[in-house]
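Engineer: Here you go, this is input01.pdb (PDB, C-alpha atoms).
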```pdb
ATOM      1  CA  MET B 274       0.000   0.000   0.000
ATOM      2  CA  ILE B 275       1.246   3.464  -0.928
ATOM      3  CA  THR B 276       0.559   6.141   1.708
ATOM      4  CA  TRP B 277       1.166   9.845   2.072
ATOM      5  CA  SER B 278       1.106  12.418   4.825
ATOM      6  CA  THR B 279       1.855  16.107   5.316
ATOM      7  CA  GLU B 280       3.790  17.589   8.239
ATOM      8  CA  ASP B 281       4.045  21.248   9.177
ATOM      9  CA  THR B 282       7.703  22.301   9.241
ATOM     10  CA  PRO B 283       9.516  25.615   9.739
ATOM     11  CA  ALA B 284      10.207  25.630   5.975
ATOM     12  CA  GLY B 285       6.532  25.070   5.123
ATOM     13  CA  PRO B 286       4.268  22.048   4.746
ATOM     14  CA  PHE B 287       6.193  18.911   3.810
ATOM     15  CA  THR B 288       4.520  15.927   2.152
ATOM     16  CA  ALA B 289       5.976  12.457   1.673
ATOM     17  CA  VAL B 290       4.709   9.520  -0.379
ATOM     18  CA  VAL B 291       5.905   6.166   0.963
ATOM     19  CA  ASP B 292       5.620   2.580  -0.279
ATOM     20  CA  ALA B 293       4.645  -0.465   1.799
ATOM     21  CA  ASP B 294       8.295  -1.076   2.723
ATOM     22  CA  GLY B 295       8.696   2.452   4.127
ATOM     23  CA  ALA B 296      10.745   3.763   1.207
ATOM     24  CA  VAL B 297      10.152   7.357   0.133
ATOM     25  CA  LEU B 298       8.892   7.586  -3.445
ATOM     26  CA  ALA B 299       8.394  11.356  -3.496
ATOM     27  CA  SER B 300       8.587  14.230  -1.047
ATOM     28  CA  GLY B 301       8.782  17.985  -0.916
ATOM     29  CA  TRP B 302       7.698  21.236   0.683
ATOM     30  CA  THR B 303       4.100  21.218  -0.458
ATOM     31  CA  ALA B 304       0.728  20.218   0.958
ATOM     32  CA  ARG B 305      -0.454  19.149  -2.505
ATOM     33  CA  LEU B 306      -0.244  15.467  -3.328
ATOM     34  CA  ASP B 307      -0.896  16.279  -6.995
ATOM     35  CA  GLU B 308       2.518  18.000  -7.133
ATOM     36  CA  LEU B 309       4.270  14.795  -6.029
ATOM     37  CA  VAL B 310       2.451  11.910  -7.711
ATOM     38  CA  PRO B 311       3.564  12.866 -11.269
ATOM     39  CA  LEU B 312       7.203  12.676 -10.106
ATOM     40  CA  VAL B 313       6.955   8.975  -9.238
ATOM     41  CA  SER B 314       7.737   6.310 -11.835
ATOM     42  CA  ARG B 315       4.567   4.429 -12.846
ATOM     43  CA  GLU B 316       6.197   1.123 -11.937
ATOM     44  CA  LEU B 317       6.593   2.334  -8.336
ATOM     45  CA  LEU B 318       3.089   3.750  -8.034
ATOM     46  CA  PRO B 319       0.646   1.102  -9.294
ATOM     47  CA  GLU B 320      -2.238   2.604  -7.316
ATOM     48  CA  GLY B 321      -3.248   5.949  -5.888
ATOM     49  CA  PRO B 322      -1.750   6.739  -2.474
ATOM     50  CA  ARG B 323      -3.932   6.706   0.615
ATOM     51  CA  GLU B 324      -3.630   9.429   3.217
ATOM     52  CA  ALA B 325      -2.206   8.505   6.619
ATOM     53  CA  THR B 326      -1.808  10.564   9.758
ATOM     54  CA  ASP B 327       1.688   9.198  10.372
ATOM     55  CA  LEU B 328       4.287   7.451   8.196
ATOM     56  CA  GLY B 329       6.256   5.958  11.089
ATOM     57  CA  ALA B 330      10.025   6.270  10.656
ATOM     58  CA  VAL B 331       9.604   8.710   7.756
ATOM     59  CA  THR B 332       7.459  11.102   9.809
ATOM     60  CA  ARG B 333       9.901  10.871  12.733
ATOM     61  CA  ALA B 334      12.828  11.600  10.400
ATOM     62  CA  ILE B 335      11.079  14.652   8.929
ATOM     63  CA  ARG B 336      10.340  16.033  12.397
ATOM     64  CA  ASP B 337      13.809  15.249  13.741
ATOM     65  CA  TYR B 338      15.589  16.793  10.738
ATOM     66  CA  HIS B 339      13.627  20.037  11.022
ATOM     67  CA  ALA B 340      14.276  20.063  14.784
ATOM     68  CA  GLY B 341      18.044  19.939  14.188
ATOM     69  CA  ASP B 342      19.017  16.256  13.767
ATOM     70  CA  LEU B 343      20.403  16.651  10.251
ATOM     71  CA  ARG B 344      21.276  12.960   9.900
ATOM     72  CA  ALA B 345      17.760  11.769  10.751
ATOM     73  CA  VAL B 346      16.840  11.317   7.077
ATOM     74  CA  ASP B 347      20.004   9.411   6.113
ATOM     75  CA  ALA B 348      18.757   5.918   7.041
ATOM     76  CA  ILE B 349      15.363   6.260   5.349
ATOM     77  CA  PRO B 350      15.241   4.212   2.144
ATOM     78  CA  VAL B 351      14.368   5.937  -1.130
ATOM     79  CA  ARG B 352      13.092   4.439  -4.387
ATOM     80  CA  GLN B 353      13.357   6.334  -7.659
ATOM     81  CA  ARG B 354      13.603   5.045 -11.217
ATOM     82  CA  SER B 355      15.309   6.651 -14.198
ATOM     83  CA  GLY B 356      18.437   6.210 -16.270
ATOM     84  CA  GLU B 357      21.660   4.795 -14.906
ATOM     85  CA  PHE B 358      23.434   8.143 -14.413
ATOM     86  CA  LEU B 359      20.490   9.810 -12.664
ATOM     87  CA  GLU B 360      20.010   6.912 -10.259
ATOM     88  CA  HIS B 361      23.740   6.915  -9.490
ATOM     89  CA  ALA B 362      23.771  10.706  -9.023
ATOM     90  CA  TRP B 363      20.883  10.405  -6.534
ATOM     91  CA  GLN B 364      22.880   7.842  -4.546
ATOM     92  CA  VAL B 365      25.894  10.172  -4.593
ATOM     93  CA  LEU B 366      23.724  13.093  -3.440
ATOM     94  CA  ARG B 367      22.716  11.105  -0.365
ATOM     95  CA  LYS B 368      26.399  11.125   0.650
ATOM     96  CA  VAL B 369      26.833  14.916   0.452
ATOM     97  CA  PRO B 370      27.086  15.978   4.105
ATOM     98  CA  ALA B 371      24.774  18.579   5.598
ATOM     99  CA  GLY B 372      26.470  21.952   5.796
ATOM    100  CA  GLU B 373      28.896  21.095   2.978
ATOM    101  CA  PRO B 374      27.131  22.011  -0.292
ATOM    102  CA  VAL B 375      28.743  21.140  -3.616
ATOM    103  CA  SER B 376      28.481  22.661  -7.076
ATOM    104  CA  TYR B 377      26.838  20.922 -10.037
ATOM    105  CA  ALA B 378      30.354  20.369 -11.448
ATOM    106  CA  GLU B 379      31.507  18.829  -8.164
ATOM    107  CA  LEU B 380      28.438  16.569  -8.111
ATOM    108  CA  ALA B 381      29.248  15.431 -11.656
ATOM    109  CA  ALA B 382      32.810  14.639 -10.586
ATOM    110  CA  LEU B 383      31.635  12.782  -7.479
ATOM    111  CA  ALA B 384      29.330  10.758  -9.731
ATOM    112  CA  GLY B 385      32.301   9.785 -11.902
ATOM    113  CA  ARG B 386      31.517  11.982 -14.919
ATOM    114  CA  PRO B 387      33.293  15.336 -14.394
ATOM    115  CA  GLN B 388      32.136  16.807 -17.705
ATOM    116  CA  ALA B 389      28.479  15.918 -17.068
ATOM    117  CA  PHE B 390      27.538  18.976 -15.006
ATOM    118  CA  ARG B 391      24.331  19.423 -17.037
ATOM    119  CA  ALA B 392      23.373  15.820 -16.287
ATOM    120  CA  ALA B 393      24.128  16.503 -12.616
ATOM    121  CA  ALA B 394      21.794  19.499 -12.762
ATOM    122  CA  ALA B 395      19.168  17.264 -14.402
ATOM    123  CA  ALA B 396      19.530  14.781 -11.546
ATOM    124  CA  CYS B 397      18.678  17.561  -9.121
ATOM    125  CA  ALA B 398      15.795  18.827 -11.235
ATOM    126  CA  ARG B 399      14.309  15.326 -11.607
ATOM    127  CA  ASN B 400      14.803  14.280  -7.992
ATOM    128  CA  ALA B 401      11.403  13.254  -6.611
ATOM    129  CA  ALA B 402      12.563  12.629  -3.033
ATOM    130  CA  ALA B 403      13.628  16.071  -1.811
ATOM    131  CA  LEU B 404      15.254  16.154   1.629
ATOM    132  CA  PHE B 405      15.933  12.397   1.575
ATOM    133  CA  VAL B 406      17.989  12.926  -1.601
ATOM    134  CA  PRO B 407      19.322  16.370  -0.664
ATOM    135  CA  CYS B 408      19.446  18.196  -3.984
ATOM    136  CA  HIS B 409      19.182  21.440  -2.006
ATOM    137  CA  ARG B 410      22.880  20.908  -1.165
ATOM    138  CA  VAL B 411      23.900  21.624  -4.761
ATOM    139  CA  LEU B 412      24.778  25.185  -5.778
ATOM    140  CA  ARG B 413      25.984  26.918  -8.911
ATOM    141  CA  SER B 414      29.748  27.201  -9.371
ATOM    142  CA  ASP B 415      29.619  30.838  -8.238
ATOM    143  CA  GLY B 416      27.943  29.777  -4.969
ATOM    144  CA  SER B 417      24.492  31.115  -5.868
ATOM    145  CA  LEU B 418      21.448  28.984  -5.157
ATOM    146  CA  GLY B 419      20.425  27.930  -8.651
ATOM    147  CA  GLY B 420      16.982  26.346  -8.942
ATOM    148  CA  PHE B 421      14.898  24.327  -6.528
ATOM    149  CA  ARG B 422      11.516  22.749  -7.280
ATOM    150  CA  TRP B 423      10.175  23.854  -3.892
ATOM    151  CA  GLY B 424      11.336  27.465  -4.176
ATOM    152  CA  LEU B 425      14.488  29.363  -3.367
ATOM    153  CA  PRO B 426      13.229  30.516   0.074
ATOM    154  CA  ALA B 427      12.909  26.843   1.111
ATOM    155  CA  LYS B 428      16.378  26.073  -0.293
ATOM    156  CA  ARG B 429      17.891  29.039   1.578
ATOM    157  CA  TRP B 430      16.138  27.943   4.801
ATOM    158  CA  LEU B 431      17.504  24.392   4.425
ATOM    159  CA  LEU B 432      21.066  25.532   3.767
ATOM    160  CA  ASP B 433      20.948  27.970   6.695
ATOM    161  CA  HIS B 434      19.419  25.277   8.930
ATOM    162  CA  GLU B 435      22.207  22.867   8.032
ATOM    163  CA  THR B 436      24.856  25.462   8.775
ATOM    164  CA  THR B 437      23.485  26.491  12.163
ATOM    165  CA  ALA B 438      21.998  23.241  13.554
TER     166      ALA B 438
END
```
Using structure tokens, write down the structure from this file.

Structural biologist:
Amino acid sequence: MITWSTEDTPAGPFTAVVDADGAVLASGWTARLDELVPLVSRELLPEGPREATDLGAVTRAIRDYHAGDLRAVDAIPVRQRSGEFLEHAWQVLRKVPAGEPVSYAELAALAGRPQAFRAAAAACARNAAALFVPCHRVLRSDGSLGGFRWGLPAKRWLLDHETTA
């Protein structure tokens, strides 16, 4: 069974969609399920999600992260499907430490393809599992924020939170 829930956070409402095994399929700073469902591969979402009041370990991780435990989301499993490079880049992103953002070029290098900075940017843009795959930790080469599906104010809040927590 696929379930979803929304939590109030200091950065705004945060919704997660989780499979029966507790893996995050999609998540982000929105209260609208219809903004998340299209991000999930059809093979991972065979049926419409059902609302839940609590997603167990995922809900605890969301609360704990926003309360200052920046590693709380690290152990939560994530399932996303795409091409080989994107899936690898998402795994690499999960290893970028809080408070230590990287550039798109650095992400490409960490993923083993130093010239593929556009593909690294695409991995961030196509990431369905925000927070759990921390694409907010990727900046432009000049240190500016770049884009973020959930808005630059949320990205700034997250980066500041990870620097001061």

Engineer: Could you tell me, as a PDB file with C-alpha atoms, keeping the file's coordinate frame, exactly which residues end up selected when the PyMOL selection byres ((chain B and resi 352-360) around 8) is applied to this structure?

Structural biologist:
```
ATOM      1  CA  ALA B 296      10.745   3.763   1.207  1.00  0.00           C
ATOM      2  CA  VAL B 297      10.152   7.357   0.133  1.00  0.00           C
ATOM      3  CA  LEU B 298       8.892   7.586  -3.445  1.00  0.00           C
ATOM      4  CA  VAL B 313       6.955   8.975  -9.238  1.00  0.00           C
ATOM      5  CA  SER B 314       7.737   6.310 -11.835  1.00  0.00           C
ATOM      6  CA  LEU B 317       6.593   2.334  -8.336  1.00  0.00           C
ATOM      7  CA  PRO B 350      15.241   4.212   2.144  1.00  0.00           C
ATOM      8  CA  VAL B 351      14.368   5.937  -1.130  1.00  0.00           C
ATOM      9  CA  HIS B 361      23.740   6.915  -9.490  1.00  0.00           C
ATOM     10  CA  ALA B 362      23.771  10.706  -9.023  1.00  0.00           C
ATOM     11  CA  TRP B 363      20.883  10.405  -6.534  1.00  0.00           C
ATOM     12  CA  GLN B 364      22.880   7.842  -4.546  1.00  0.00           C
ATOM     13  CA  ALA B 384      29.330  10.758  -9.731  1.00  0.00           C
ATOM     14  CA  ALA B 392      23.373  15.820 -16.287  1.00  0.00           C
ATOM     15  CA  ALA B 393      24.128  16.503 -12.616  1.00  0.00           C
ATOM     16  CA  ALA B 395      19.168  17.264 -14.402  1.00  0.00           C
ATOM     17  CA  ALA B 396      19.530  14.781 -11.546  1.00  0.00           C
ATOM     18  CA  ALA B 401      11.403  13.254  -6.611  1.00  0.00           C
ATOM     19  CA  ALA B 402      12.563  12.629  -3.033  1.00  0.00           C
TER      20      ALA B 402
END
```

Engineer: With all atoms listed in the file as the counted atoms, please give the residues lying no more than 12 Å from stretch 303-307 of chain B, apart from itself and same-chain residues fewer than 2 positions off, as a ChimeraX atom specification.

Structural biologist: /B:276-282,284-291,299-301,309-313,321-324,403,422-424,427

Engineer: Separation of atom CA of B:Leu404 and atom CA of B:Phe421, in Å?

Structural biologist: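 Between atom CA of B:Leu404 and atom CA of B:Phe421 the gap works out to 11.6 Å.
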
Engineer: What is the atom CA of B:Leu425-atom CA of B:Ala348 distance in Å, reported with one decimal?

Structural biologist: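 A separation of 26.0 Å between them.
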
Engineer: Can you tell me, as a ChimeraX atom specification, what residues are no more than 8 Å from B:Thr436 when counting only C-alpha atoms, ignoring any on the same chain fewer than 2 positions away?

Structural biologist: /B:371-372,432-434,438

Engineer: Take the residues from that selection and write them out as a compact mmCIF listing (two decimals), in the coordinates of the input, keeping C-alpha atoms.

Structural biologist:
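Dumped to part.txt:
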```
# COMPACT_ATOMS: atom_id res chain seq x y z
CA ALA B 371 24.77 18.58 5.60
CA GLY B 372 26.47 21.95 5.80
CA LEU B 432 21.07 25.53 3.77
CA ASP B 433 20.95 27.97 6.70
CA HIS B 434 19.42 25.28 8.93
CA ALA B 438 22.00 23.24 13.55
```

Engineer: Of the candidates B:Ala340, B:Met274, B:Thr332, B:Gly385, which one gets nearest to B:Glu320 if we count only C-alpha atoms?

Structural biologist: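 For B:Glu320, the nearest of the candidates is B:Met274.
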